[in-house]
$ cat input-v6.txt   # compact mmCIF, C-alpha atoms
# COMPACT_ATOMS: atom_id res chain seq x y z
CA MET A 1 -17.38 24.13 -27.28
CA TYR A 2 -17.34 26.26 -24.18
CA ASN A 3 -14.56 26.81 -21.71
CA LEU A 4 -13.99 28.59 -18.46
CA SER A 5 -11.78 31.63 -18.55
CA SER A 6 -8.06 30.85 -18.40
CA LYS A 7 -7.89 32.00 -14.77
CA LYS A 8 -10.73 29.70 -13.72
CA LEU A 9 -9.46 26.93 -15.97
CA ARG A 10 -6.15 26.69 -14.14
CA GLY A 11 -7.98 26.02 -10.89
CA LEU A 12 -9.68 22.83 -11.94
CA VAL A 13 -8.61 19.32 -11.10
CA GLY A 14 -6.16 17.23 -13.09
CA VAL A 15 -6.83 17.14 -16.80
CA ILE A 16 -10.45 18.28 -16.53
CA ALA A 17 -10.91 21.35 -18.70
CA MET A 18 -14.20 22.17 -17.01
CA ALA A 19 -17.39 20.61 -15.74
CA GLY A 20 -18.42 19.54 -19.20
CA CYS A 21 -16.72 20.24 -22.50
CA VAL A 22 -19.31 20.53 -25.22
CA ALA A 23 -18.66 20.54 -28.94
CA LEU A 24 -21.07 21.30 -31.73
CA ALA A 25 -20.60 19.26 -34.86
CA VAL A 26 -22.34 17.28 -37.56
CA PRO A 27 -21.87 13.54 -36.93
CA SER A 28 -22.75 12.58 -40.51
CA ALA A 29 -25.26 13.49 -43.16
CA GLN A 30 -26.65 9.98 -43.02
CA ALA A 31 -27.21 10.08 -39.26
CA ALA A 32 -28.91 13.48 -39.12
CA PRO A 33 -32.70 13.59 -38.97
CA ALA A 34 -34.39 14.93 -42.05
CA GLY A 35 -34.07 18.64 -42.53
CA VAL A 36 -31.41 19.23 -39.88
CA THR A 37 -27.90 20.13 -40.97
CA GLU A 38 -26.48 21.35 -37.66
CA GLN A 39 -26.47 18.88 -34.80
CA PRO A 40 -26.11 19.26 -31.02
CA ILE A 41 -23.07 17.25 -30.03
CA PRO A 42 -22.32 15.85 -27.60
CA ILE A 43 -24.58 16.69 -24.66
CA PRO A 44 -27.56 18.85 -23.78
CA GLY A 45 -25.53 20.68 -21.14
CA ALA A 46 -23.39 20.44 -18.06
CA ALA A 47 -23.03 21.49 -14.45
CA VAL A 48 -20.37 24.14 -14.01
CA LYS A 49 -18.10 23.87 -10.99
CA PRO A 50 -19.56 25.83 -8.04
CA PRO A 51 -17.62 28.36 -5.98
CA THR A 52 -15.26 26.83 -3.44
CA THR A 53 -15.42 29.69 -0.94
CA SER A 54 -17.05 28.55 2.28
CA GLY A 55 -19.28 30.61 4.52
CA THR A 56 -21.13 32.48 1.76
CA ARG A 57 -24.78 32.46 2.64
CA GLY A 58 -27.01 30.88 0.01
CA ILE A 59 -24.11 29.62 -2.10
CA GLU A 60 -23.55 25.94 -2.81
CA THR A 61 -19.91 25.12 -2.09
CA THR A 62 -17.72 22.06 -2.30
CA SER A 63 -16.33 22.49 1.21
CA GLY A 64 -17.29 20.42 4.24
CA TRP A 65 -17.04 16.99 2.66
CA ASN A 66 -14.70 14.08 3.30
CA ALA A 67 -14.12 10.80 1.50
CA THR A 68 -16.76 8.89 3.44
CA SER A 69 -19.52 11.50 3.48
CA SER A 70 -19.10 12.39 -0.18
CA ARG A 71 -19.23 8.73 -1.23
CA ASN A 72 -22.36 8.16 0.83
CA ALA A 73 -23.97 11.21 -0.76
CA VAL A 74 -23.52 9.95 -4.31
CA VAL A 75 -23.85 6.18 -3.74
CA ASN A 76 -26.44 5.89 -0.95
CA ASN A 77 -28.42 9.08 -1.33
CA ARG A 78 -32.00 9.03 -0.03
CA LEU A 79 -33.09 10.24 -3.46
CA TYR A 80 -32.69 6.71 -4.81
CA SER A 81 -35.35 5.29 -2.49
CA THR A 82 -38.00 7.93 -3.14
CA PRO A 83 -41.37 7.00 -4.68
CA TYR A 84 -42.31 7.33 -8.31
CA ILE A 85 -42.02 10.78 -9.85
CA PRO A 86 -45.56 12.18 -10.16
CA ALA A 87 -46.74 13.44 -13.52
CA SER A 88 -46.84 17.22 -13.56
CA GLY A 89 -49.83 17.08 -15.89
CA CYS A 90 -48.29 19.86 -17.96
CA LYS A 91 -48.85 19.80 -21.68
CA ARG A 92 -46.25 20.92 -24.17
CA PRO A 93 -46.03 24.73 -24.12
CA ASN A 94 -48.02 25.94 -27.11
CA VAL A 95 -45.45 28.21 -28.73
CA THR A 96 -43.22 28.17 -31.76
CA LEU A 97 -39.51 28.21 -30.95
CA ASN A 98 -38.48 30.94 -33.35
CA THR A 99 -37.76 33.94 -31.10
CA GLU A 100 -35.95 34.62 -27.85
CA TYR A 101 -39.21 35.55 -26.12
CA ARG A 102 -40.96 32.35 -27.17
CA ILE A 103 -38.07 30.15 -26.16
CA ARG A 104 -37.98 31.86 -22.77
CA TYR A 105 -41.69 31.18 -22.35
CA PHE A 106 -41.27 27.53 -23.37
CA GLU A 107 -38.38 26.92 -20.98
CA GLN A 108 -40.03 28.84 -18.11
CA GLU A 109 -43.10 26.66 -18.42
CA MET A 110 -40.94 23.54 -18.46
CA VAL A 111 -39.12 24.66 -15.30
CA ARG A 112 -42.42 25.43 -13.58
CA CYS A 113 -43.73 21.97 -14.40
CA MET A 114 -40.57 20.13 -13.41
CA TYR A 115 -40.46 22.00 -10.12
CA ALA A 116 -43.98 20.81 -9.35
CA ALA A 117 -43.10 17.19 -10.15
CA TRP A 118 -39.71 17.05 -8.45
CA ARG A 119 -40.71 19.01 -5.31
CA PRO A 120 -42.34 16.08 -3.42
CA VAL A 121 -39.57 13.73 -4.51
CA ILE A 122 -36.83 16.01 -3.20
CA TRP A 123 -38.82 16.50 0.01
CA ARG A 124 -38.93 12.73 0.54
CA ALA A 125 -35.17 12.67 -0.07
CA GLY A 126 -34.61 15.22 2.69
CA GLY A 127 -33.36 17.82 0.24
CA ARG A 128 -34.10 21.47 -0.44
CA TYR A 129 -37.49 20.77 -1.96
CA ASP A 130 -38.78 24.36 -1.94
CA VAL A 131 -36.03 25.90 -4.10
CA LYS A 132 -36.98 26.62 -7.69
CA PRO A 133 -34.01 27.27 -9.98
CA ALA A 134 -33.68 30.55 -11.81
CA LEU A 135 -33.65 30.52 -15.60
CA VAL A 136 -31.50 32.68 -17.84
CA VAL A 137 -32.18 32.55 -21.58
CA HIS A 138 -29.32 34.42 -23.18
CA GLY A 139 -27.84 35.28 -26.54
CA TYR A 140 -24.31 36.04 -25.43
CA ASN A 141 -21.21 34.27 -26.68
CA THR A 142 -19.67 34.60 -23.21
CA ILE A 143 -21.72 34.79 -20.04
CA ASN A 144 -20.40 35.51 -16.55
CA THR A 145 -21.88 33.52 -13.67
CA ALA A 146 -21.14 32.92 -10.01
CA CYS A 147 -19.53 29.68 -11.16
CA GLY A 148 -17.23 31.36 -13.67
CA SER A 149 -17.33 32.61 -17.25
CA VAL A 150 -18.74 30.26 -19.87
CA THR A 151 -18.14 30.72 -23.59
CA GLY A 152 -20.05 29.12 -26.43
CA PRO A 153 -23.67 28.38 -27.38
CA THR A 154 -24.45 25.69 -24.85
CA SER A 155 -26.74 25.13 -21.91
CA PHE A 156 -25.41 24.67 -18.39
CA TYR A 157 -26.30 24.75 -14.70
CA CYS A 158 -24.67 26.75 -11.91
CA SER A 159 -25.54 25.74 -8.34
CA ALA A 160 -24.71 29.10 -6.74
CA GLY A 161 -27.54 30.40 -4.59
CA GLY A 162 -30.65 28.41 -5.39
CA GLY A 163 -29.26 27.30 -8.74
CA THR A 164 -29.57 28.77 -12.23
CA ILE A 165 -30.16 27.10 -15.58
CA TYR A 166 -28.65 28.87 -18.60
CA ILE A 167 -30.11 28.34 -22.09
CA PRO A 168 -28.74 29.96 -25.29
CA TRP A 169 -31.76 30.77 -27.43
CA ARG A 170 -30.17 31.30 -30.85
CA GLN A 171 -29.16 27.65 -31.16
CA ILE A 172 -32.74 26.50 -30.66
CA VAL A 173 -33.99 29.08 -33.18
CA ASN A 174 -31.52 27.71 -35.72
CA TYR A 175 -32.72 24.16 -35.16
CA TYR A 176 -36.35 25.25 -35.39
CA ALA A 177 -35.74 26.86 -38.79
CA GLN A 178 -34.36 23.53 -40.04
CA ASN A 179 -36.71 21.06 -38.32
CA PRO A 180 -39.33 22.28 -35.81
CA THR A 181 -39.95 18.83 -34.33
CA PHE A 182 -36.26 18.26 -33.74
CA ALA A 183 -35.97 21.67 -32.06
CA VAL A 184 -38.80 20.82 -29.66
CA ALA A 185 -37.20 17.47 -28.79
CA TYR A 186 -33.84 19.15 -28.24
CA ALA A 187 -35.25 22.00 -26.14
CA THR A 188 -37.30 19.59 -24.03
CA ASN A 189 -34.41 17.23 -23.40
CA THR A 190 -31.97 20.03 -22.68
CA ILE A 191 -34.03 21.70 -19.97
CA ALA A 192 -34.82 18.30 -18.43
CA HIS A 193 -31.10 17.46 -18.28
CA GLU A 194 -30.27 20.78 -16.65
CA TYR A 195 -33.07 20.31 -14.14
CA GLY A 196 -31.51 16.93 -13.40
CA HIS A 197 -28.45 18.85 -12.20
CA HIS A 198 -30.73 20.95 -10.01
CA VAL A 199 -32.13 17.78 -8.43
CA GLN A 200 -28.55 16.68 -7.79
CA SER A 201 -27.78 20.04 -6.22
CA MET A 202 -30.84 20.07 -3.96
CA THR A 203 -29.99 16.59 -2.64
CA SER A 204 -26.24 17.31 -2.14
CA ILE A 205 -25.17 14.89 -4.89
CA LEU A 206 -23.74 17.64 -7.05
CA THR A 207 -21.44 19.28 -4.52
CA ALA A 208 -20.38 15.92 -3.07
CA SER A 209 -19.39 14.78 -6.55
CA TRP A 210 -17.46 17.99 -7.16
CA TRP A 211 -15.58 17.45 -3.89
CA ARG A 212 -14.70 13.93 -5.00
CA GLN A 213 -13.54 15.12 -8.41
CA GLN A 214 -11.34 17.80 -6.85
CA HIS A 215 -9.52 15.02 -5.02
CA MET A 216 -9.03 12.88 -8.11
CA THR A 217 -6.77 13.10 -11.13
CA GLY A 218 -6.66 11.67 -14.64
CA ASP A 219 -9.08 8.92 -15.59
CA ALA A 220 -10.69 8.82 -12.13
CA ALA A 221 -11.66 12.50 -12.35
CA LEU A 222 -13.09 12.02 -15.82
CA ALA A 223 -15.09 9.00 -14.66
CA GLU A 224 -16.54 11.03 -11.78
CA SER A 225 -17.71 13.68 -14.23
CA ARG A 226 -19.28 11.05 -16.47
CA ARG A 227 -21.27 9.53 -13.60
CA ARG A 228 -22.58 12.98 -12.70
CA GLU A 229 -23.56 13.94 -16.26
CA LEU A 230 -25.10 10.60 -17.14
CA GLN A 231 -27.19 10.72 -13.98
CA ALA A 232 -28.48 14.19 -14.88
CA SER A 233 -29.61 12.88 -18.26
CA CYS A 234 -31.28 9.89 -16.59
CA LEU A 235 -33.12 12.12 -14.11
CA GLY A 236 -34.22 14.44 -16.90
CA SER A 237 -35.56 11.55 -18.96
CA ALA A 238 -37.34 10.17 -15.89
CA TYR A 239 -39.40 13.36 -15.69
CA ILE A 240 -40.17 13.20 -19.42
CA GLY A 241 -41.29 9.60 -19.04
CA ALA A 242 -43.38 10.29 -15.93
CA ASN A 243 -45.30 13.05 -17.72
CA ARG A 244 -45.69 11.28 -21.06
CA LYS A 245 -49.50 11.16 -20.92
CA ALA A 246 -49.86 14.94 -20.68
CA TYR A 247 -46.83 15.68 -22.87
CA PRO A 248 -46.56 12.63 -25.11
CA MET A 249 -43.20 11.78 -26.61
CA SER A 250 -44.66 9.89 -29.54
CA GLY A 251 -44.55 9.77 -33.32
CA GLY A 252 -42.09 12.16 -34.91
CA LEU A 253 -41.26 13.87 -31.62
CA TYR A 254 -40.27 10.55 -30.06
CA THR A 255 -38.14 9.73 -33.12
CA GLN A 256 -36.32 13.05 -32.86
CA TRP A 257 -35.87 12.70 -29.10
CA ARG A 258 -34.38 9.24 -29.56
CA TYR A 259 -31.95 10.78 -32.03
CA VAL A 260 -30.91 13.45 -29.52
CA ILE A 261 -30.24 11.01 -26.67
CA SER A 262 -28.44 8.49 -28.89
CA HIS A 263 -26.15 11.15 -30.40
CA SER A 264 -25.13 12.81 -27.14
CA GLY A 265 -21.88 12.12 -25.35
CA ASP A 266 -18.15 12.50 -25.74
CA MET A 267 -16.56 13.42 -29.05
CA PRO A 268 -13.08 12.42 -30.28
CA GLY A 269 -10.53 15.03 -29.32
CA TYR A 270 -12.48 16.30 -26.31
CA PRO A 271 -12.22 15.25 -22.64
CA ARG A 272 -14.15 12.06 -21.92
CA ASP A 273 -16.23 13.73 -19.24
CA HIS A 274 -19.83 13.05 -20.35
CA GLY A 275 -19.89 9.41 -21.43
CA SER A 276 -20.15 7.57 -24.72
CA TRP A 277 -23.14 7.97 -27.00
CA THR A 278 -24.11 4.38 -26.18
CA ASN A 279 -24.09 4.99 -22.44
CA HIS A 280 -25.87 8.31 -22.71
CA ASN A 281 -28.62 6.55 -24.63
CA PHE A 282 -28.68 3.73 -22.05
CA TRP A 283 -29.11 6.01 -19.04
CA SER A 284 -31.63 8.27 -20.78
CA LEU A 285 -33.77 5.25 -21.62
CA ALA A 286 -33.31 3.88 -18.08
CA GLY A 287 -34.87 7.05 -16.70
CA TRP A 288 -37.58 7.16 -19.35
CA SER A 289 -38.61 3.51 -18.90
CA GLY A 290 -38.39 3.23 -15.11
CA ASP A 291 -39.34 -0.15 -13.72
CA GLY A 292 -42.36 -0.74 -15.91
CA LYS A 293 -44.77 0.75 -13.36
CA GLY A 294 -43.40 4.24 -13.08
CA GLN A 295 -40.29 6.41 -13.21
CA HIS A 296 -38.12 6.98 -10.18
CA ALA A 297 -34.68 8.29 -9.30
CA GLY A 298 -33.57 4.82 -8.26
CA SER A 299 -33.15 4.02 -11.96
CA CYS A 300 -30.33 6.58 -12.11
CA ARG A 301 -27.75 5.14 -9.70
CA THR A 302 -24.76 5.78 -11.93
CA TRP A 303 -22.31 5.63 -9.02
CA SER A 304 -23.31 2.00 -8.42
CA ALA A 305 -22.92 1.03 -12.06
CA PRO A 306 -19.88 -0.83 -13.43
CA ALA A 307 -17.22 1.17 -15.25
CA THR A 308 -18.40 -0.14 -18.62
CA ARG A 309 -21.76 1.58 -18.11
CA VAL A 310 -20.19 4.98 -17.46
CA SER A 311 -17.39 4.83 -20.02

$ encode --input "input-v6.txt" --output "structure tokens"
Amino acid sequence: MYNLSSKKLRGLVGVIAMAGCVALAVPSAQAAPAGVTEQPIPIPGAAVKPPTTSGTRGIETTSGWNATSSRNAVVNNRLYSTPYIPASGCKRPNVTLNTEYRIRYFEQEMVRCMYAAWRPVIWRAGGRYDVKPALVVHGYNTINTACGSVTGPTSFYCSAGGGTIYIPWRQIVNYYAQNPTFAVAYATNTIAHEYGHHVQSMTSILTASWWRQQHMTGDAALAESRRRELQASCLGSAYIGANRKAYPMSGGLYTQWRYVISHSGDMPGYPRDHGSWTNHNFWSLAGWSGDGKGQHAGSCRTWSAPATRVS
């Protein structure tokens, strides 16, 4: 799992340990896809709480919201009424995922393609459509960011500045050595989830949700986190579905991807801040499937869903 430093940890709301507590475990030998002994559980990544200091140029903050405006931002955001997500036309990056350099290339290409697809959508939503997130592929056990220190081999997103996606490369290399197809499915889904957080950030959903969570305690705060994380997975899968002709999720890759999304979510003993495996699978497929004609952000309205769908 990863955690914020003890100093940062004390500043969070209620019982929330951090934006997303991620554990790595093996669910069961029977459940694991062939050839893979180490499994990514429970989630591709998380959004780390942004700085709360106001007035810092270029930094996303959680200040300036109130109960009404923050609710409108997450429930009635213009993002939900935008047109279908266009296909980026990008094929799968032609590289083996067995070195830091190659993983960086793979993820950079994915970010470039997702930026191209999401840019017109975010523009139609009235968001910061021209901001491409930075990408950091790292091999550190602990990494310091503008959003705090994060420990553990997991991916995450920090909204400071124009936003940064953090990917630990060694984990993907380990998966690739065991099952290359699984590693590709995992790497693809992970970067798409993190870019989903970037879409949230560029349309003010992310900081509005953090403001709401800061003013909640207990189960309500956990539920807020789950709605945010499940939406990021839905948005990520919507991109994957929209670009499926150029980058087909089919055959063995589709099987492995379905395993990833159906085995992601909260684990016993950890905060219930990401959602059950069942609901993570539901929202990922909601984004992937769209409305039968195309994929759009309106499929990802987790804040309008009943509590059972974000449990």

$ closest_residue --input "input-v6.txt" --among "A:Arg309, A:His274, A:His296, A:Arg170" --to "Gly152 in chain A" --atoms "all atoms listed in the file"
A:Arg170

$ residues_around --input "input-v6.txt" --residues "Cys90 in chain A" --least-positions-apart "2" --cutoff "8 Å" --atoms "all atoms listed in the file" --output "PyMOL selection string"
chain A and resi 87-88+92+113+243+246-247

$ closest_residue --input "input-v6.txt" --among "A:Gln295, A:Asn179, A:Phe156, A:Tyr166" --to "Glu229 in chain A" --atoms "all atoms listed in the file"
A:Phe156

$ closest_atom_pairs --input "input-v6.txt" --of "range 167-273 of chain A" --to "range 130-139 of chain A" --cutoff "7 Å" --atoms "all atoms listed in the file" --output "Markdown table"
| residue | atom | partner | partner_atom | distance |
| --- | --- | --- | --- | --- |
| A:Ile167 | CA | A:Val137 | CA | 4.7 |
| A:Pro168 | CA | A:His138 | CA | 5.0 |
| A:Trp169 | CA | A:Gly139 | CA | 6.0 |
| A:Arg170 | CA | A:Gly139 | CA | 6.3 |

$ residues_around --input "input-v6.txt" --residues "Ala125 in chain A" --least-positions-apart "2" --cutoff "12 Å" --atoms "all atoms listed in the file" --output "ChimeraX atom specification"
/A:73,76-83,118-123,127-129,199-200,202-205,296-298

$ residues_around --input "input-v6.txt" --residues "Ser311 in chain A" --least-positions-apart "3" --cutoff "10 Å" --atoms "all atoms listed in the file" --output "ChimeraX atom specification"
/A:222-223,226-227,266,272-280,306-308

$ atom_distance --input "input-v6.txt" --atom1 "CA of Ala221 in chain A" --atom2 "CA of Pro271 in chain A"
10.7 Å

$ closest_residue --input "input-v6.txt" --among "A:Tyr176, A:Gly290, A:Val48, A:Gly236" --to "Gly148 in chain A" --atoms "only C-alpha atoms"
A:Val48

$ closest_residue --input "input-v6.txt" --among "A:Val173, A:Ala67, A:Val184, A:Ala242" --to "His215 in chain A" --atoms "only C-alpha atoms"
A:Ala67

$ residues_around --input "input-v6.txt" --residues "Thr188 in chain A" --least-positions-apart "3" --cutoff "10 Å" --atoms "all atoms listed in the file" --output "JSON, numbers by chain"
{"A": [44, 92, 106, 107, 110, 182, 183, 184, 185, 191, 192, 193, 236, 237, 240, 257]}

$ atom_distance --input "input-v6.txt" --atom1 "CA of Arg228 in chain A" --atom2 "CA of Met114 in chain A"
19.4 Å

$ residues_around --input "input-v6.txt" --residues "Pro93 in chain A" --least-positions-apart "2" --cutoff "7 Å" --atoms "only C-alpha atoms" --output "list of chain:residue names"
A:Lys91, A:Val95, A:Phe106, A:Glu109
